[in-house]
Amino acid sequence: MTPVELHGKLRVEGTNIVDANGDIFQLRGCSTHGIAWYPGILTEDAFRTLRDDWHINTIRLAMYVEEAGYDNCYMDQKEHNLALVKKGIDLCIQLGLYVIVDWHILIPGNPQDRKEDAKAFFTEIATSYPDCPNIIFEICNEPNGEGINWEDIIRPYAVELTDVIRPLAPDTIIVVGTATWSQDVHDAVSNPLPDKNTMYAVHYYAATHKQGLRDRVKACYELGYPILISEFGVCDASGDGVNDFEEANLWFKLLDELQIGYINWAYGNKKEACCVFQPGVDLGKGNWTEDELTESGNFMKKFFSFSLSGFHSTLSHFHYRVKAHLLDCTIYVFNRNFILGKDRRRRNCNNFLTSSDSLKNIEYLRNFKDCTKWTSLHTSTAIDTFCFIYMLNTIFIFRDSTNGANLLARNWNIYNCVIRTTFLTKTAVDTFV
Ligand code: IDC
């Protein structure tokens, strides 16, 4: 099943997005670079790879409104660019991905300057895709510049745009950028918007924006306001420079704890640190190799694909999810029979353990010495797999296949994980632990 088939229409409830079942849902995805400049990414192969191999559930289509030195942004070629946005939306609908339609103001920094164009743009999209569960509107990427504040400029803009959008798309989530390139969320929530299906955007670049901005996000979240990281980079705010993976992991840790969604910048092949593809790589072909990804691209692929929030076609029956941030984690896979000493001949070794077998094994684990160091224990008797985390860097999985380890790693938020599928014996475990 696709993300949209599984989760349906999303809405804001309190501080988070919830899905059609009322369960908290985290958007985890990527942003195109400006689609006017890098339209090559708009293919089924590319989006399918991002969905199935990277496990992202959302694509953001960045439509630069205008940009110094370019003559092909939205204001320059409206019809052509609208067609590109629709092509991206159509692909997301086809593949069951959520899609953020991003009115990418950077220039002008004042969203009021192109307000009438923004209204026409969102009117066109909303009327072309009525009641579409995939779509989310981001009505101003990053307000910026002197005097561009929430109270006098951004808030009135958001209210006016919302008034235009709501009759056409009554249930679609709207994301509003905040001042100072979407960092001043605290100003925004000091006078929040009346529309309850609206989120406040925060953008960060890990090498530039650190604990100070994280504290601000957390404080606003704790006050009860819904935040979306509709853009983040692993590098610095210029889009280039050095990647900061440590800070990036600290951000993921916080956001996953709060279940705030995040969208990675940028899925283009320009020569800059933020781009996940190497210059010259065919954006549209999908199934990109490690060599075709940049340093941040490989990091993000590993991050997204080893962690899974809400979607994996074969895993919809997994109801548990571990919020584990395990650096250099090792996963040991056990022969499922080792504790109970079952005679493998008694049954076909591909058979699953029964639930009572699993419970006995769990009991055994609970009685391990130093049980305070077990941080988590999760079981799924339905699939004969149970697993637990030991001292934040080791996971044991009881299932006699390496496939089990891979599935679980993907189903958990496990970062920088090295899966060593070592088959241990009972004696080895006793010694090890
Ligand atoms: C950058 C692009 C870069 C482009 C520049 C100006 O990576 O290739 O030349 O925009 O058009 C943002 C913006 C986003 C920036 C990104 C990196 O939303 O448009 O992209 N960034 O600078 N906010 C903070 C950083």
# chains A, B, ... in the order shown; residues from 1 in each chain; ligands from 1
$ select_by_dssp --residues "stretch 125-329 of chain A" --states "alpha helix (DSSP H)" --output "number ranges by chain"
A: 125-128, 155-165, 179-182, 185-190, 211-222, 245-258, 295-306
$ residues_around --residues "stretch 177-189 of chain A" --least-positions-apart "4" --cutoff "10 Å" --atoms "only C-alpha atoms" --output "number ranges by chain"
A: 103-106, 109-111, 138-151, 153-155, 158, 193, 199-204, 209, 213, 216-217, 219-221, 223-231, 237
$ residues_near_ligand --ligand "ligand 1" --cutoff "9 Å" --atoms "only C-alpha atoms and all ligand atoms" --output "ChimeraX atom specification"
/A:33-34,62,64,66-68,70,104-107,141-142,181-182,203-205,231-233,235-240,265-266,268,270-275
$ atom_distance --atom1 "atom CA of A:Gly96" --atom2 "atom CA of A:Pro3"
5.8 Å
$ residues_around --residues "A:Asn81" --least-positions-apart "6" --cutoff "9 Å" --atoms "only C-alpha atoms" --output "MDAnalysis selection string"
chainID A and resid 35:36 63 72:75
$ residues_around --residues "A:Asn134" --least-positions-apart "2" --cutoff "6 Å" --atoms "only C-alpha atoms" --output "PyMOL selection string"
chain A and resi 98-99+132
$ atom_distance --atom1 "atom CA of A:Phe47" --atom2 "atom CA of A:Asp102"
17.2 Å
